[in-house]
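Asker: This is the structure, below, for whatever I ask next.
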Amino acid sequence: MSTRPADWTLAAAPAPRAPASSALAEPPWLRRLLTAAALGFLGLFLVLPLVTVFAEAFSKGVGVYLDAISDPIALAAVRLTLLVAAISVPANAAFGVAAAWAIAKFEFRGKALLVTAIDLPFAVSPVVAGLIFVLLFGAQGIFGPWLREHDLKIIFAVPGIVLATTFITFPFVARELIPLMQEQGSEEEEAALSLGASGWQTFRRVTLPNISLGLLYGIVLLNARAMGEFGAVSVVSGHIRGVTNTLPLHVEILYNEYQSAAAFAAASLLALLALLTLVLKRILEWRMGRIARAA
Amino acid sequence: MTIEARGLNKSFGGFQALRGVDLDVKEGELVALLGPSGSGKTTLLRILSGLEFPDQGRVLFDGEDATERSARERRVGFVFQHYALFRHMSVFENVAFGLRVRARHERPREAEIRERVSELLHLVQLGNMAERLPSQLSGGQRQRVALARALAVRPRMLLLDEPFGALDSRVRKELRRWLRQLHDELHITSVFVTHDQEEALELADRVVVMNHGAIEQVGTPEQVYHQPATRFVYEFMGDVNIFHERVEPAKPTSIYVRPHLLEVHRGPAGAGDIRARVLRIHAAGPTVKVELRTERGELVHAEISQHRHGALGLLRDDDVYVRPTHPHVFSDDYSI
């Protein structure tokens with residue numbers, strides 16, 4: 001070709017600069033005050049409680065701590081918490097992705113209803129959510145007699161806890177992904193289709209990488225809530241020691257029995273699980289960032 | 001490949017986007033769909049591509065009915081106004097995409113994919129950008145990658161939706177010329193959508209002028225510009241002066257004259273000359289644009305050469321005579 005288009009090569013986009021105009025920047029004392037206030041708030045409501053948990057857990061010595069966390073009932077609670085998370089997190093993540101995909105990329109009848117339904121668990125108090133399941137599946141509930149006939153137990157058993165937790169954590173991934181996918185639009189997917197990709201190939205190669213960070217964040221929130229849910233689980237659980245107690249319920253029981261050190265020891269396990277999730281998230285983000293940069 | 005559309009109708013909710021549209025595109029032609037926003041041109045393009053389906057009507061490729069086929073089955077190359085590059089993939093992977101998603105038995109080997117992608121990147125003059133991400137490219141470069149990506153699958157037709165709409169005017173003009181050269185080399189049947197009449201006239205073999213979901217005129221750029229079939233086409237293809245006349249008392253007519261065909265004289269020389277006063281003169285540019293108000297109060301624009309302006313020595317508030325040449329007459333269908 002004889003002519004070369006005159007467009008230029010852009011280096012990677014330049015980093016954002018601090019406000020150059022002093023008219024737009026706050027005065028230094030205000031900046032320091034706001035930063036101090038933010039850090040103070042963070043310290044008071046986040047760091048202090050976290051440190052207190054661990055401090056109280058070890059207040060009676062390491063021996064008591066180790067006894068508390070190796071107690072078979074405590075371990076049963078840990079297992080149940082992990083089981084509930086292992087079921088509700090993948091289920092709600094898959095649902096969230098599918099719902100966000102449908103809502104962001106398509107028009108269909110009942111779409112507004114679906115969006116409202118997704119927000120419902122947020123609007124309802126967790127205790128009320130637990131009560132709903134008791135009214136549905138409890139011994140005097142609507143399906144009570146049917147369940148008794150078929151020898152199935154939902155309330156005061158593990159299935160009820162899984163159900164209640166899944167309900168409560170329903171919206172997390174969907175709500176995270178819907179605005180993200182709406183903002184990204186459908187053009188990339190249309191381009192993929194026009195190039196011959198199937199629906200599944202389009203999803204796997206185009207949509208999923210685009211939403212990966214949002215999905216990860218949604219899953220972290222989802223997991224945290226699934227492991228830490230108290231209100232709804234408390235109503236449906238029945239508090240049967242060693243069987244239907246999740247870790248948060250176990251903490252409450254210990255505390256009510258004035259075993260505060262043991263209670264804090266169990267609480268510290270929850271805190272550790274949460275911290276572990278955050279570390280995993282950070283590692284995954286870093287790995288994805290590396291792959292994107294190397295590409 | 002030839003493209004035929006027969007009787008296409010399409011509505012979105014209450015809005016009728018296409019009304020009974022018929023279209024014929026010949027083998028290897030470059031056709032422009034030209035019209036204002038809402039004229040239905042993008043809808044028509046998307047129906048040809050399989051990204052939308054008509055409410056009524058048929059689409060035929062080489063005489064075969066393709067109306068029911070999805071975008072995936074039609075083997076079209078589609079280029080979007082905002083590029084739609086896969087943001088997480090490198091330029092190389094973007095272009096290779098269409099080859100990688102083929103079914104196993106149709107998929108070329110890795111070495112073949114590599115060769116084809118390199119060939120295409122070379123064609124669009126981005127050979128050294130293969131490992132860049134779309135975010136690291138300028139608009140013009142992104143659009144060239146989008147074109148290479150569309151061509152990778154050897155499409156039977158190329159559809160472009162306002163391909164240069166998001167680019168600044170200099171880049172737009174250069175890519176226009178480049179696209180025409182590319183088309184002359186490759187001879188793929190192509191249809192592109194634009195609202196810029198200059199672009200359509202410069203690029204296309206034939207222009208389809210659309211308005212309110214219907215086709216107003218189809219013709220070569222010369223035909224559409226010099227022999228507009230309707231008022232709308234005339235007004236859309238360029239600037240226009242409209243003189244209202246009453247040839248017969250009951251039949252008002254409008255006389256359409258292009259600014260560069262409106263002569264300006266110092267003294268009256270013929271029966272058609274109209275007195276006018278000079279309001280403003282814009283002399284900076286290849287031609288001189290003169291705004292005048294006729295004695296009947298009509299505002300007209302004339303475009304004269306710098307040479308003529310020098311000879312006339314026009315100044316503001318001068319009284320002059322304008323003479324319409326090559327007028328187009330459209331009779332008004334309504335009467336006031």
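Ligands are numbered from 1 in the order shown, chains are lettered A, B, ... in the order of the structure tokens, and residues start at 1 in each chain.
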I need the contact residues of chain B against chain A, so if you could list those with any atom within 6 Å, counting only C-alpha atoms, and return them as a CSV table (one decimal) with C-alpha atoms, in the first residue's frame, that would help.
Answerer:
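Written output follows (iface08.csv):
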```
chain,number,residue,atom,x,y,z
B,71,ALA,CA,-24.8,-15.3,12.7
B,72,ARG,CA,-22.5,-18.2,13.5
B,84,ALA,CA,-15.4,-4.9,20.0
B,90,SER,CA,-3.5,-10.0,22.6
B,98,GLY,CA,-12.2,-17.3,14.6
B,101,VAL,CA,-13.1,-21.8,17.8
B,136,GLN,CA,-2.4,-0.3,24.2
B,137,LEU,CA,-3.5,0.6,20.7
B,138,SER,CA,-4.9,3.8,19.2
B,174,GLU,CA,-6.9,7.9,5.7
```
Asker: Using backbone DSSP assignments, extract all alpha helix (DSSP H) residues from range 115-193 of chain B; output them as a count of residues only.
Answerer: 41
Asker: Considering only strand (DSSP E or B) as DSSP defines it on the backbone, what residues of range 145-234 of chain B qualify? List them as a ChimeraX atom specification.
Answerer: /B:157-161,189-194,206-211,214-219
Asker: May I have the residues from that selection written out with C-alpha atoms, as a JSON list (two decimals), in the first residue's frame?
Answerer:
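Contents of the output file part_10.json:
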```
[["chain", "number", "residue", "atom", "x", "y", "z"],
["B", 157, "MET", "CA", -19.11, -11.06, 2.96],
["B", 158, "LEU", "CA", -17.83, -8.17, 5.05],
["B", 159, "LEU", "CA", -20.26, -6.03, 7.02],
["B", 160, "LEU", "CA", -19.06, -2.84, 8.65],
["B", 161, "ASP", "CA", -21.17, -0.79, 11.08],
["B", 189, "THR", "CA", -18.74, -8.47, -1.19],
["B", 190, "SER", "CA", -18.99, -5.69, 1.40],
["B", 191, "VAL", "CA", -21.74, -3.58, 2.91],
["B", 192, "PHE", "CA", -21.01, -0.70, 5.22],
["B", 193, "VAL", "CA", -23.23, 1.64, 7.19],
["B", 194, "THR", "CA", -22.52, 5.35, 7.48],
["B", 206, "ARG", "CA", -23.27, 1.97, -5.06],
["B", 207, "VAL", "CA", -25.07, 3.97, -2.42],
["B", 208, "VAL", "CA", -28.37, 3.01, -0.77],
["B", 209, "VAL", "CA", -30.00, 6.09, 0.75],
["B", 210, "MET", "CA", -32.39, 5.24, 3.59],
["B", 211, "ASN", "CA", -34.89, 7.23, 5.58],
["B", 214, "ALA", "CA", -37.35, 2.66, 3.76],
["B", 215, "ILE", "CA", -34.99, 3.00, 0.81],
["B", 216, "GLU", "CA", -35.22, 6.37, -0.91],
["B", 217, "GLN", "CA", -32.78, 5.69, -3.73],
["B", 218, "VAL", "CA", -30.18, 3.21, -4.88],
["B", 219, "GLY", "CA", -27.52, 4.24, -7.35]]
```
Asker: As an MDAnalysis selection string, please: the residues near Glu291 in chain B (cut-off 10 Å, only C-alpha atoms, same-chain neighbours under 4 positions excluded).
Answerer: chainID B and resid 259 276:282 299:303 316
Asker: For the selection just defined, write its residues with C-alpha atoms to a file, as a PDB file, in the first residue's frame.
Answerer:
```
ATOM      1  CA  PRO B 259     -24.461  26.368  -3.169  1.00  0.00           C
ATOM      2  CA  ALA B 276     -29.994  39.570  -2.715  1.00  0.00           C
ATOM      3  CA  ARG B 277     -27.919  41.299  -0.074  1.00  0.00           C
ATOM      4  CA  VAL B 278     -24.615  39.905   1.176  1.00  0.00           C
ATOM      5  CA  LEU B 279     -24.799  39.074   4.879  1.00  0.00           C
ATOM      6  CA  ARG B 280     -21.475  37.350   5.534  1.00  0.00           C
ATOM      7  CA  ILE B 281     -18.421  36.171   3.647  1.00  0.00           C
ATOM      8  CA  HIS B 282     -16.173  33.262   4.711  1.00  0.00           C
ATOM      9  CA  LEU B 299     -31.590  32.919   3.379  1.00  0.00           C
ATOM     10  CA  VAL B 300     -29.286  31.386   0.754  1.00  0.00           C
ATOM     11  CA  HIS B 301     -25.697  30.133   0.650  1.00  0.00           C
ATOM     12  CA  ALA B 302     -23.481  30.459  -2.378  1.00  0.00           C
ATOM     13  CA  GLU B 303     -20.078  28.889  -2.887  1.00  0.00           C
ATOM     14  CA  ARG B 316     -20.879  42.907   3.361  1.00  0.00           C
TER      15      ARG B 316
END
```
Asker: I want to know what sits within 9 Å of Ile168 in chain A, based on only C-alpha atoms, with residues of the same chain fewer than 6 positions away left out; could you give that as a ChimeraX atom specification?
Answerer: /A:121-122,124,126,129,225-226,229,232
Asker: For the residues selected in the previous step, produce a file with N, CA and C atoms as a CSV table (one decimal), in the first residue's frame.
Answerer:
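In the end it all went to out.csv:
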```csv
chain,number,residue,atom,x,y,z
A,121,PRO,N,-33.6,-11.5,49.4
A,121,PRO,CA,-32.9,-11.9,50.6
A,121,PRO,C,-32.2,-10.7,51.3
A,122,PHE,N,-31.8,-9.7,50.6
A,122,PHE,CA,-31.2,-8.5,51.2
A,122,PHE,C,-32.2,-7.7,52.0
A,124,VAL,N,-34.9,-8.8,53.4
A,124,VAL,CA,-35.5,-9.6,54.5
A,124,VAL,C,-34.5,-9.8,55.7
A,126,PRO,N,-32.5,-11.7,58.4
A,126,PRO,CA,-32.1,-13.2,58.4
A,126,PRO,C,-33.0,-14.0,59.3
A,129,ALA,N,-36.0,-14.8,57.5
A,129,ALA,CA,-35.7,-15.8,56.4
A,129,ALA,C,-35.7,-17.2,57.0
A,225,ARG,N,-20.1,-14.5,54.0
A,225,ARG,CA,-21.4,-14.6,54.5
A,225,ARG,C,-21.9,-16.0,54.8
A,226,ALA,N,-21.6,-16.9,53.9
A,226,ALA,CA,-22.0,-18.3,54.1
A,226,ALA,C,-21.4,-18.9,55.3
A,229,GLU,N,-22.9,-16.7,58.6
A,229,GLU,CA,-24.3,-16.4,58.8
A,229,GLU,C,-24.8,-17.0,60.2
A,232,ALA,N,-30.4,-16.5,60.4
A,232,ALA,CA,-31.2,-17.5,59.8
A,232,ALA,C,-30.9,-18.9,60.2
```
